[in-house]
$ cat work.txt   # compact mmCIF, C-alpha atoms and all ligand atoms
# COMPACT_ATOMS: atom_id res chain seq x y z
CA MET A 1 -1.73 -20.93 1.89
CA LYS A 2 -2.43 -19.55 -1.59
CA ILE A 3 -2.85 -15.79 -1.40
CA GLY A 4 -4.42 -14.01 -4.37
CA CYS A 5 -4.37 -10.31 -5.16
CA PRO A 6 -6.53 -9.17 -8.11
CA LYS A 7 -6.36 -5.81 -9.88
CA GLU A 8 -8.85 -3.32 -8.44
CA ILE A 9 -11.80 -2.71 -10.79
CA LYS A 10 -13.64 0.14 -9.05
CA PRO A 11 -13.55 3.21 -11.35
CA GLN A 12 -10.32 5.23 -10.98
CA GLU A 13 -9.02 2.94 -8.20
CA PHE A 14 -5.27 2.63 -8.70
CA ARG A 15 -4.30 1.12 -5.34
CA VAL A 16 -3.38 -2.55 -4.97
CA GLY A 17 -3.92 -4.88 -1.99
CA MET A 18 -0.33 -6.19 -1.78
CA THR A 19 2.96 -4.40 -2.37
CA PRO A 20 5.95 -6.40 -3.64
CA ASN A 21 7.36 -6.14 -0.10
CA ALA A 22 4.20 -7.72 1.33
CA ALA A 23 4.38 -10.45 -1.31
CA ARG A 24 8.02 -11.11 -0.37
CA GLU A 25 7.17 -11.50 3.33
CA ALA A 26 4.32 -13.89 2.52
CA VAL A 27 6.61 -15.97 0.29
CA ASP A 28 9.27 -15.98 3.05
CA HIS A 29 6.58 -17.36 5.39
CA GLY A 30 6.11 -20.29 2.98
CA HIS A 31 2.99 -19.07 1.16
CA GLN A 32 2.24 -18.90 -2.56
CA VAL A 33 1.32 -15.44 -3.83
CA LEU A 34 -0.61 -14.91 -7.06
CA ILE A 35 -0.92 -11.35 -8.43
CA GLU A 36 -3.08 -10.35 -11.39
CA THR A 37 -1.00 -8.92 -14.22
CA GLY A 38 -0.88 -5.13 -14.03
CA ALA A 39 -2.45 -5.06 -10.55
CA GLY A 40 0.30 -2.84 -9.14
CA ALA A 41 0.87 -0.65 -12.19
CA GLY A 42 -1.27 2.24 -10.98
CA ALA A 43 0.76 2.39 -7.78
CA GLY A 44 4.07 2.17 -9.62
CA PHE A 45 4.76 -1.56 -9.04
CA ASP A 46 5.24 -3.57 -12.23
CA ASP A 47 4.83 -7.34 -12.62
CA ALA A 48 8.62 -7.79 -12.56
CA ALA A 49 8.80 -6.38 -9.01
CA TYR A 50 6.34 -9.04 -7.82
CA VAL A 51 8.16 -11.80 -9.67
CA ALA A 52 11.42 -10.66 -8.05
CA ALA A 53 9.64 -10.94 -4.70
CA GLY A 54 8.76 -14.57 -5.43
CA ALA A 55 5.12 -14.11 -6.51
CA LYS A 56 3.50 -15.62 -9.60
CA ILE A 57 1.56 -13.54 -12.13
CA ALA A 58 -1.93 -14.58 -13.25
CA GLY A 59 -3.55 -13.34 -16.45
CA THR A 60 -7.07 -12.81 -15.12
CA ALA A 61 -8.98 -12.14 -11.91
CA SER A 62 -10.96 -15.36 -12.39
CA GLU A 63 -7.72 -17.40 -12.17
CA ILE A 64 -6.94 -15.67 -8.87
CA PHE A 65 -10.40 -16.17 -7.39
CA ALA A 66 -10.41 -19.83 -8.48
CA ALA A 67 -6.99 -20.64 -6.99
CA ALA A 68 -6.65 -18.54 -3.84
CA ASP A 69 -7.51 -19.53 -0.26
CA MET A 70 -7.34 -15.85 0.73
CA ILE A 71 -8.09 -12.82 -1.46
CA VAL A 72 -6.34 -9.59 -0.41
CA LYS A 73 -7.79 -6.40 -1.93
CA VAL A 74 -8.34 -2.72 -1.25
CA LYS A 75 -11.91 -1.81 -2.12
CA GLU A 76 -15.13 -3.64 -1.37
CA PRO A 77 -15.65 -6.39 -3.96
CA GLN A 78 -17.63 -5.21 -6.96
CA ALA A 79 -20.54 -7.31 -8.29
CA ALA A 80 -18.33 -9.21 -10.78
CA GLU A 81 -15.85 -10.03 -8.01
CA ARG A 82 -18.58 -11.07 -5.56
CA ALA A 83 -19.83 -13.56 -8.15
CA MET A 84 -16.39 -15.27 -8.05
CA LEU A 85 -16.18 -15.65 -4.25
CA ARG A 86 -16.84 -19.13 -2.94
CA GLU A 87 -17.65 -21.00 0.25
CA GLY A 88 -14.69 -21.33 2.57
CA GLN A 89 -12.67 -18.62 0.83
CA LEU A 90 -11.26 -15.79 2.96
CA LEU A 91 -11.67 -12.16 1.82
CA PHE A 92 -9.52 -9.47 3.48
CA THR A 93 -10.33 -5.91 2.30
CA TYR A 94 -12.43 -2.79 2.99
CA LEU A 95 -16.15 -3.65 2.95
CA HIS A 96 -18.21 -0.71 4.35
CA LEU A 97 -21.34 -2.88 4.55
CA ALA A 98 -23.68 -0.65 6.61
CA PRO A 99 -24.73 1.57 3.67
CA ASP A 100 -24.56 -1.27 1.10
CA PRO A 101 -27.34 -3.90 1.36
CA GLU A 102 -26.65 -5.34 -2.09
CA GLN A 103 -23.02 -6.15 -1.29
CA THR A 104 -23.98 -7.46 2.15
CA HIS A 105 -26.52 -9.92 0.73
CA ASP A 106 -24.06 -11.09 -1.96
CA LEU A 107 -21.30 -11.71 0.59
CA ILE A 108 -23.67 -13.63 2.85
CA ALA A 109 -24.84 -15.70 -0.15
CA SER A 110 -21.23 -16.44 -1.21
CA GLY A 111 -20.49 -18.52 1.91
CA ALA A 112 -17.08 -16.82 2.13
CA THR A 113 -15.44 -15.51 5.32
CA CYS A 114 -15.06 -11.73 5.02
CA ILE A 115 -12.84 -9.64 7.29
CA ALA A 116 -13.26 -5.86 6.87
CA TYR A 117 -10.21 -3.66 7.31
CA GLU A 118 -12.32 -0.82 8.67
CA THR A 119 -13.60 -2.68 11.75
CA VAL A 120 -10.33 -4.28 12.92
CA THR A 121 -9.43 -2.58 16.22
CA ASP A 122 -6.35 -1.98 18.36
CA ALA A 123 -5.61 -1.86 22.08
CA GLN A 124 -5.77 1.96 22.11
CA GLY A 125 -9.36 2.05 20.84
CA GLY A 126 -8.26 2.92 17.29
CA LEU A 127 -8.90 1.37 13.88
CA PRO A 128 -5.39 0.45 12.67
CA LEU A 129 -6.38 -0.59 9.15
CA LEU A 130 -8.63 2.41 8.55
CA ALA A 131 -6.17 4.90 10.06
CA PRO A 132 -3.63 5.07 7.21
CA MET A 133 -6.35 5.75 4.62
CA SER A 134 -8.01 8.21 6.99
CA GLU A 135 -4.68 10.03 7.23
CA VAL A 136 -4.54 10.21 3.44
CA ALA A 137 -8.21 11.20 2.96
CA GLY A 138 -7.94 13.77 5.76
CA ARG A 139 -4.89 15.39 4.19
CA LEU A 140 -6.57 15.35 0.76
CA ALA A 141 -9.88 16.84 1.96
CA PRO A 142 -8.79 20.52 2.16
CA GLN A 143 -6.94 20.12 -1.15
CA VAL A 144 -10.05 18.86 -3.01
CA GLY A 145 -12.23 21.28 -1.06
CA ALA A 146 -10.03 24.20 -2.13
CA TRP A 147 -10.36 23.06 -5.76
CA THR A 148 -14.16 22.78 -5.31
CA LEU A 149 -14.24 26.34 -3.97
CA GLN A 150 -12.76 27.66 -7.22
CA LYS A 151 -15.24 29.59 -9.35
CA ALA A 152 -14.82 27.42 -12.47
CA ASN A 153 -15.85 24.39 -10.40
CA GLY A 154 -19.04 26.02 -9.12
CA GLY A 155 -17.52 27.20 -5.86
CA ARG A 156 -17.62 30.49 -4.03
CA GLY A 157 -14.33 31.73 -5.39
CA VAL A 158 -12.58 31.92 -2.03
CA LEU A 159 -8.85 31.30 -1.53
CA MET A 160 -8.04 29.18 1.54
CA GLY A 161 -5.41 31.49 2.98
CA GLY A 162 -6.85 34.79 1.74
CA VAL A 163 -4.23 37.47 0.94
CA PRO A 164 -2.98 40.50 2.86
CA GLY A 165 -6.06 42.66 3.39
CA VAL A 166 -8.54 39.83 2.67
CA GLY A 167 -9.41 37.25 5.31
CA PRO A 168 -8.98 33.47 4.98
CA ALA A 169 -11.62 30.82 4.21
CA GLN A 170 -13.72 29.65 7.14
CA VAL A 171 -13.44 25.87 7.45
CA VAL A 172 -15.39 23.66 9.85
CA VAL A 173 -14.45 20.02 10.31
CA ILE A 174 -17.13 17.77 11.86
CA GLY A 175 -15.43 14.87 13.67
CA GLY A 176 -11.95 15.27 15.15
CA GLY A 177 -10.67 11.69 14.74
CA VAL A 178 -7.98 10.65 12.28
CA VAL A 179 -9.56 12.19 9.15
CA GLY A 180 -10.63 15.34 10.98
CA THR A 181 -7.27 15.96 12.65
CA HIS A 182 -5.29 15.55 9.43
CA ALA A 183 -7.80 17.68 7.51
CA ALA A 184 -7.62 20.44 10.12
CA ARG A 185 -3.81 20.43 10.14
CA ILE A 186 -3.62 20.80 6.35
CA ALA A 187 -6.43 23.38 6.12
CA ALA A 188 -4.72 25.43 8.85
CA GLY A 189 -1.42 25.00 7.03
CA MET A 190 -3.05 26.46 3.90
CA GLY A 191 -3.91 29.50 5.98
CA ALA A 192 -7.63 28.87 6.54
CA ASP A 193 -9.46 29.70 9.77
CA VAL A 194 -10.34 26.22 11.06
CA THR A 195 -12.66 24.86 13.76
CA VAL A 196 -12.98 21.16 14.60
CA LEU A 197 -16.22 19.93 16.21
CA ASP A 198 -16.41 16.59 18.03
CA ARG A 199 -18.64 14.92 20.61
CA SER A 200 -15.79 13.41 22.59
CA LEU A 201 -14.44 15.76 25.27
CA PRO A 202 -11.25 13.70 25.76
CA ARG A 203 -10.62 14.04 22.04
CA LEU A 204 -11.27 17.81 22.14
CA ARG A 205 -8.84 18.10 25.08
CA TYR A 206 -6.19 16.20 23.14
CA LEU A 207 -6.68 18.40 20.04
CA ASP A 208 -6.52 21.56 22.11
CA ASP A 209 -3.36 20.41 23.90
CA VAL A 210 -1.54 19.46 20.71
CA PHE A 211 -2.94 21.87 18.11
CA GLY A 212 -4.32 24.72 20.22
CA ARG A 213 -2.48 27.37 18.19
CA GLN A 214 -3.34 25.93 14.78
CA PHE A 215 -7.13 25.51 15.01
CA ARG A 216 -10.06 25.93 17.41
CA THR A 217 -12.22 23.16 18.86
CA GLY A 218 -15.94 23.04 19.68
CA TYR A 219 -18.40 20.56 21.17
CA SER A 220 -20.50 19.24 18.30
CA SER A 221 -24.01 20.19 19.44
CA ALA A 222 -26.68 20.81 16.78
CA GLY A 223 -26.80 24.47 17.82
CA LEU A 224 -23.05 25.14 17.52
CA LEU A 225 -22.91 23.26 14.21
CA ALA A 226 -25.77 25.41 12.85
CA GLU A 227 -23.83 28.59 13.78
CA HIS A 228 -20.72 27.33 12.01
CA LEU A 229 -22.63 26.25 8.90
CA GLU A 230 -23.87 29.80 8.33
CA ARG A 231 -20.37 31.25 8.18
CA ALA A 232 -18.50 28.34 6.60
CA ASP A 233 -16.85 28.42 3.18
CA MET A 234 -15.97 24.73 3.54
CA VAL A 235 -17.39 21.94 5.70
CA ILE A 236 -15.52 18.65 5.99
CA GLY A 237 -17.58 15.65 7.19
CA ALA A 238 -15.31 13.30 9.17
CA VAL A 239 -17.50 11.55 11.75
CA LEU A 240 -17.54 7.82 12.41
CA ILE A 241 -19.45 5.39 14.57
CA PRO A 242 -17.39 2.26 13.76
CA GLY A 243 -19.11 -0.09 11.33
CA ALA A 244 -22.40 1.84 11.52
CA ALA A 245 -24.11 4.13 9.03
CA ALA A 246 -22.89 7.73 9.49
CA PRO A 247 -25.28 10.00 11.41
CA LYS A 248 -26.89 12.69 9.20
CA LEU A 249 -25.72 15.92 10.84
CA VAL A 250 -26.61 18.52 8.18
CA SER A 251 -30.11 18.54 6.68
CA ARG A 252 -31.08 19.74 3.23
CA ALA A 253 -33.03 22.60 4.81
CA GLN A 254 -29.82 23.87 6.43
CA LEU A 255 -28.16 24.36 3.02
CA ALA A 256 -30.44 27.37 2.45
CA GLY A 257 -28.77 29.20 5.35
CA MET A 258 -25.25 28.59 4.01
CA LYS A 259 -23.19 30.88 1.77
CA HIS A 260 -23.86 30.29 -1.94
CA GLY A 261 -21.01 28.23 -3.47
CA ALA A 262 -19.72 26.87 -0.17
CA ALA A 263 -18.09 23.42 -0.41
CA LEU A 264 -19.14 20.30 1.49
CA VAL A 265 -16.50 17.55 1.48
CA ASP A 266 -18.12 14.39 2.87
CA VAL A 267 -15.25 12.04 3.68
CA ALA A 268 -17.69 9.90 5.71
CA ILE A 269 -19.49 9.03 2.47
CA ASP A 270 -18.11 5.47 2.55
CA GLN A 271 -20.32 4.91 5.62
CA GLY A 272 -23.26 6.60 3.89
CA GLY A 273 -22.27 10.24 4.46
CA CYS A 274 -23.05 12.76 7.21
CA PHE A 275 -24.92 15.33 5.07
CA GLU A 276 -28.52 14.52 4.05
CA THR A 277 -27.75 15.60 0.48
CA SER A 278 -24.60 13.44 0.04
CA ARG A 279 -24.45 10.70 -2.56
CA ALA A 280 -21.28 8.81 -3.48
CA THR A 281 -19.31 10.18 -6.44
CA THR A 282 -16.20 9.00 -8.28
CA HIS A 283 -12.84 10.57 -9.14
CA GLN A 284 -14.11 10.88 -12.74
CA ASP A 285 -17.07 13.04 -11.72
CA PRO A 286 -16.38 14.08 -8.11
CA ILE A 287 -18.64 17.09 -7.48
CA TYR A 288 -22.28 18.13 -7.83
CA GLU A 289 -24.46 20.99 -6.65
CA VAL A 290 -27.55 20.99 -4.42
CA ASP A 291 -29.32 24.27 -3.58
CA GLY A 292 -26.24 26.30 -4.51
CA ILE A 293 -23.87 24.25 -2.31
CA MET A 294 -21.09 22.21 -3.96
CA HIS A 295 -20.67 18.61 -2.76
CA TYR A 296 -17.52 16.45 -3.06
CA CYS A 297 -18.35 12.85 -2.03
CA VAL A 298 -15.71 10.49 -3.42
CA ALA A 299 -15.83 7.20 -1.50
CA ASN A 300 -12.27 6.13 -2.34
CA MET A 301 -10.34 9.37 -1.99
CA PRO A 302 -6.97 7.68 -1.25
CA GLY A 303 -7.10 6.08 -4.72
CA ALA A 304 -6.15 9.52 -6.10
CA VAL A 305 -2.69 9.19 -4.55
CA ALA A 306 -2.37 5.48 -5.15
CA ARG A 307 1.35 5.10 -4.53
CA THR A 308 1.38 6.82 -1.14
CA SER A 309 -1.84 5.05 -0.18
CA THR A 310 -0.80 1.57 -1.31
CA ILE A 311 2.42 1.69 0.67
CA ALA A 312 0.68 3.16 3.75
CA LEU A 313 -2.09 0.55 3.61
CA GLY A 314 0.39 -2.29 3.02
CA ASN A 315 2.41 -1.24 6.09
CA ALA A 316 -0.72 -1.58 8.23
CA THR A 317 -2.26 -4.73 6.73
CA MET A 318 0.93 -6.81 6.47
CA PRO A 319 1.07 -8.25 10.03
CA PHE A 320 -2.64 -9.17 9.91
CA MET A 321 -2.33 -10.67 6.42
CA LEU A 322 0.61 -12.79 7.62
CA ALA A 323 -1.25 -13.92 10.75
CA LEU A 324 -4.26 -14.98 8.65
CA ALA A 325 -2.04 -16.83 6.18
CA ASP A 326 0.17 -18.49 8.82
CA LYS A 327 -2.56 -19.61 11.21
CA GLY A 328 -5.76 -19.64 9.15
CA TRP A 329 -8.53 -17.16 10.00
CA LYS A 330 -9.98 -19.10 12.95
CA GLN A 331 -6.76 -19.45 14.91
CA ALA A 332 -5.64 -15.92 13.99
CA CYS A 333 -8.96 -14.48 15.22
CA GLN A 334 -8.94 -16.68 18.34
CA ASP A 335 -5.48 -15.35 19.20
CA ASP A 336 -6.33 -11.71 18.44
CA PRO A 337 -9.74 -10.31 19.49
CA HIS A 338 -8.93 -7.11 17.54
CA LEU A 339 -8.72 -9.08 14.31
CA LEU A 340 -11.93 -10.92 15.28
CA ASN A 341 -13.60 -7.49 15.40
CA GLY A 342 -12.94 -7.34 11.65
CA LEU A 343 -15.13 -10.38 10.97
CA ASN A 344 -18.26 -9.10 9.19
CA VAL A 345 -19.52 -12.20 7.34
CA HIS A 346 -18.89 -15.93 7.79
CA ALA A 347 -20.39 -18.98 6.10
CA GLY A 348 -23.69 -17.43 5.08
CA LYS A 349 -24.15 -15.27 8.20
CA LEU A 350 -23.60 -11.65 9.12
CA THR A 351 -21.30 -11.35 12.17
CA TYR A 352 -21.12 -7.58 12.78
CA PHE A 353 -23.84 -6.05 14.97
CA ALA A 354 -23.73 -2.43 13.73
CA VAL A 355 -24.21 -3.62 10.14
CA GLY A 356 -27.11 -5.88 11.18
CA LYS A 357 -28.73 -2.93 12.94
CA ALA A 358 -28.28 -0.62 9.93
CA LEU A 359 -29.66 -3.14 7.45
CA GLY A 360 -32.20 -5.07 9.57
CA ILE A 361 -30.38 -8.40 9.11
CA ASP A 362 -29.99 -11.05 11.84
CA VAL A 363 -26.46 -11.32 13.25
CA VAL A 364 -24.52 -14.23 14.74
CA SER A 365 -21.83 -13.14 17.19
CA PRO A 366 -18.27 -13.48 15.85
CA GLN A 367 -17.40 -15.58 18.92
CA LEU A 368 -20.12 -18.08 17.89
CA ALA A 369 -18.86 -18.06 14.28
CA LEU A 370 -15.43 -19.08 15.61
CA LYS A 371 -16.94 -22.18 17.22
CA GLU A 372 -18.65 -23.39 14.02
N1 LIG B 1 -14.02 8.76 1.52
C1 LIG B 1 -12.88 8.12 1.70
O1 LIG B 1 -12.13 7.87 0.75
C2 LIG B 1 -12.45 7.73 3.06
C3 LIG B 1 -13.35 7.77 4.06
N2 LIG B 1 -12.99 7.50 5.35
C4 LIG B 1 -14.06 7.62 6.34
O2 LIG B 1 -13.91 8.80 7.13
C5 LIG B 1 -14.70 8.65 8.32
C6 LIG B 1 -13.89 9.09 9.54
O3 LIG B 1 -12.86 8.15 9.77
P1 LIG B 1 -11.79 8.31 10.97
O4 LIG B 1 -11.40 9.73 11.12
O5 LIG B 1 -10.76 7.28 10.74
O6 LIG B 1 -12.66 7.90 12.22
P2 LIG B 1 -12.28 8.17 13.77
O7 LIG B 1 -13.00 7.13 14.55
O8 LIG B 1 -10.83 8.36 13.95
O9 LIG B 1 -12.95 9.60 14.05
C7 LIG B 1 -14.33 9.81 14.03
C8 LIG B 1 -14.62 10.94 15.00
O10 LIG B 1 -16.02 11.28 14.84
C9 LIG B 1 -16.47 11.70 16.10
N3 LIG B 1 -17.92 11.72 16.10
C10 LIG B 1 -18.80 10.70 16.12
N4 LIG B 1 -20.06 11.17 16.09
C11 LIG B 1 -19.98 12.53 16.02
C12 LIG B 1 -20.92 13.60 15.97
N5 LIG B 1 -22.22 13.35 15.96
N6 LIG B 1 -20.45 14.87 15.90
C13 LIG B 1 -19.13 15.12 15.88
N7 LIG B 1 -18.19 14.16 15.97
C14 LIG B 1 -18.61 12.88 16.02
C15 LIG B 1 -15.83 10.69 17.06
O11 LIG B 1 -15.84 11.17 18.40
C16 LIG B 1 -14.43 10.57 16.47
O12 LIG B 1 -13.52 11.45 17.08
C17 LIG B 1 -15.11 7.16 8.31
O13 LIG B 1 -16.43 7.03 7.83
C18 LIG B 1 -14.14 6.53 7.37
O14 LIG B 1 -14.61 5.32 6.82
C19 LIG B 1 -11.70 7.17 5.68
C20 LIG B 1 -10.75 7.06 4.69
C21 LIG B 1 -11.07 7.28 3.29
C1 LIG B 2 -11.24 3.68 3.72
C2 LIG B 2 -11.67 3.57 2.35
O1 LIG B 2 -12.81 3.33 2.06
C3 LIG B 2 -10.72 3.77 1.28
O2 LIG B 2 -9.54 3.96 1.54
O3 LIG B 2 -11.14 3.74 0.12
MG MG B 3 -14.23 4.00 0.88

$ encode --input "work.txt" --output "structure tokens" --more "lines below"
Ligand SMILES: NC(=O)C1=CN([C@@H]2O[C@H](COP(=O)(O)OP(=O)(O)OC[C@H]3O[C@@H](n4cnc5c(N)ncnc54)[C@H](O)[C@@H]3O)[C@@H](O)[C@H]2O)C=CC1
Ligand SMILES: CC(=O)C(=O)O
Ligand SMILES: [Mg+2]
Amino acid sequence: MKIGCPKEIKPQEFRVGMTPNAAREAVDHGHQVLIETGAGAGAGFDDAAYVAAGAKIAGTASEIFAAADMIVKVKEPQAAERAMLREGQLLFTYLHLAPDPEQTHDLIASGATCIAYETVTDAQGGLPLLAPMSEVAGRLAPQVGAWTLQKANGGRGVLMGGVPGVGPAQVVVIGGGVVGTHAARIAAGMGADVTVLDRSLPRLRYLDDVFGRQFRTGYSSAGLLAEHLERADMVIGAVLIPGAAAPKLVSRAQLAGMKHGAALVDVAIDQGGCFETSRATTHQDPIYEVDGIMHYCVANMPGAVARTSTIALGNATMPFMLALADKGWKQACQDDPHLLNGLNVHAGKLTYFAVGKALGIDVVSPQLALKE
């Protein structure tokens, strides 16, 4: 198979879909790998490293899209990339379709087969291709939140750990999955007073067992969340209903009851965000203010630490990328129902129910798509 990896074109996105090590494995499996020149530079991988791994370098993205049977990327394809996708081509990347009708319609119209990293599952009920980036974004969230809390950035002027004689910042994390757990660990490590709210009692039990001394847990009812909002210096949004639009858990009206200059970090923004007042921002212009509350809503947070993120993502995607290349998407998805759960679009049809529900588009089951 011809595998193509273009340079990411989303603003300030420095990750790359394939590391030289991933390229080497694909070449060892008998595949041809085509990398756009400079694609790995932002993550510290130059063209020579890919050539040494047996890949070929292409001068433009259009050469890659024209030649490749499978495109491996990081971020959802931007409009210019969507225009280059074609019928029968396989796209393997993050998509986040539920909050993005424009992209969804373009992918359906392209006739391509699109497998979304974020909806591939594993036998433990996890999301193995979202998890590494959730680990990164979770660990970054208190760091960017602490920066947002600084006075010069519009924040409240509160130091996470306080100092002797002055108490720490109050941090509430909504959603205690991968993002939430990593965010809570780092915020607690910075000395903040941290509470994690979740709706899953088994998850709260696990967090209490493992991290009981580092942070508190609470059941995420509307009432308990409202109490926490009033005393919070920082709120980290980390909820997920896989594939679906994020539930709006904090209304605009509730901002009035919060402390002036508090920071909201909405990591769930890539699924539409869990605060009513969230709108996606970029690394170039990451924060904005609504009713005296500072919002940080960058939808590709891991891009800020592109080298760590690229290697972590590549570790997780490699076995799936190789299965798709070795067997073709149909056989690979027939053999692995968890990979089939990643199928979002195939041959002009949407194949993921939560996206269809969010956007009001008819869905064909992925099992039916396999039989076509
Ligand atoms: N902005 C960015 O750059 C990035 C964003 N993300 C996003 O972060 C979000 C969280 O991802 P993960 O932690 O991997 O998901 P996860 O599935 O590990 O955790 C989500 C948690 O939310 C909980 N939850 C669901 N509804 C809730 C509610 N109403 N109240 C409280 N808790 C609730 C679930 O029980 C679960 O424990 C996703 O939207 C993901 O796409 C992930 C990586 C990067
Ligand atoms: C998960 C995701 O959207 C990202 O890493 O950018
Ligand atoms: Mg994202």

$ residues_near_ligand --input "work.txt" --ligand "ligand LIG 1 (chain B)" --cutoff "6 Å" --atoms "all atoms listed in the file" --output "mmCIF file with C-alpha atoms, in the frame of the given file"
data_model
loop_
_atom_site.group_PDB
_atom_site.id
_atom_site.type_symbol
_atom_site.label_atom_id
_atom_site.label_comp_id
_atom_site.auth_asym_id
_atom_site.auth_seq_id
_atom_site.Cartn_x
_atom_site.Cartn_y
_atom_site.Cartn_z
ATOM 1 C CA LEU A 130 -8.630 2.410 8.550
ATOM 2 C CA ALA A 131 -6.170 4.900 10.060
ATOM 3 C CA MET A 133 -6.350 5.750 4.620
ATOM 4 C CA SER A 134 -8.010 8.210 6.990
ATOM 5 C CA ALA A 137 -8.210 11.200 2.960
ATOM 6 C CA ILE A 174 -17.130 17.770 11.860
ATOM 7 C CA GLY A 175 -15.430 14.870 13.670
ATOM 8 C CA GLY A 176 -11.950 15.270 15.150
ATOM 9 C CA GLY A 177 -10.670 11.690 14.740
ATOM 10 C CA VAL A 178 -7.980 10.650 12.280
ATOM 11 C CA VAL A 179 -9.560 12.190 9.150
ATOM 12 C CA GLY A 180 -10.630 15.340 10.980
ATOM 13 C CA LEU A 197 -16.220 19.930 16.210
ATOM 14 C CA ASP A 198 -16.410 16.590 18.030
ATOM 15 C CA ARG A 199 -18.640 14.920 20.610
ATOM 16 C CA SER A 200 -15.790 13.410 22.590
ATOM 17 C CA SER A 220 -20.500 19.240 18.300
ATOM 18 C CA ALA A 238 -15.310 13.300 9.170
ATOM 19 C CA VAL A 239 -17.500 11.550 11.750
ATOM 20 C CA LEU A 240 -17.540 7.820 12.410
ATOM 21 C CA ILE A 241 -19.450 5.390 14.570
ATOM 22 C CA VAL A 267 -15.250 12.040 3.680
ATOM 23 C CA ALA A 268 -17.690 9.900 5.710
ATOM 24 C CA ILE A 269 -19.490 9.030 2.470
ATOM 25 C CA ASP A 270 -18.110 5.470 2.550
ATOM 26 C CA GLN A 271 -20.320 4.910 5.620
ATOM 27 C CA VAL A 298 -15.710 10.490 -3.420
ATOM 28 C CA ALA A 299 -15.830 7.200 -1.500
ATOM 29 C CA ASN A 300 -12.270 6.130 -2.340
ATOM 30 C CA MET A 301 -10.340 9.370 -1.990
ATOM 31 C CA PRO A 302 -6.970 7.680 -1.250
#

$ closest_residue --input "work.txt" --among "A:Ala116, A:Leu85, A:Leu34, A:Leu322" --to "ligand LIG 2 (chain B)" --atoms "only C-alpha atoms and all ligand atoms"
A:Ala116

$ closest_residue --input "work.txt" --among "A:Gln331, A:Gln170, A:Thr282, A:Thr113" --to "Lys259 in chain A" --atoms "all atoms listed in the file"
A:Gln170

$ residues_around --input "work.txt" --residues "range 63-79 of chain A" --least-positions-apart "5" --cutoff "6 Å" --atoms "all atoms listed in the file" --output "list of chain:residue names"
A:Lys2, A:Ile3, A:Gly4, A:Cys5, A:Gly17, A:Gln89, A:Leu90, A:Leu91, A:Phe92, A:Thr93, A:Tyr94, A:Leu95

$ closest_residue --input "work.txt" --among "A:Leu264, A:Ala306, A:Ala26, A:Leu229" --to "Pro286 in chain A" --atoms "all atoms listed in the file"
A:Leu264
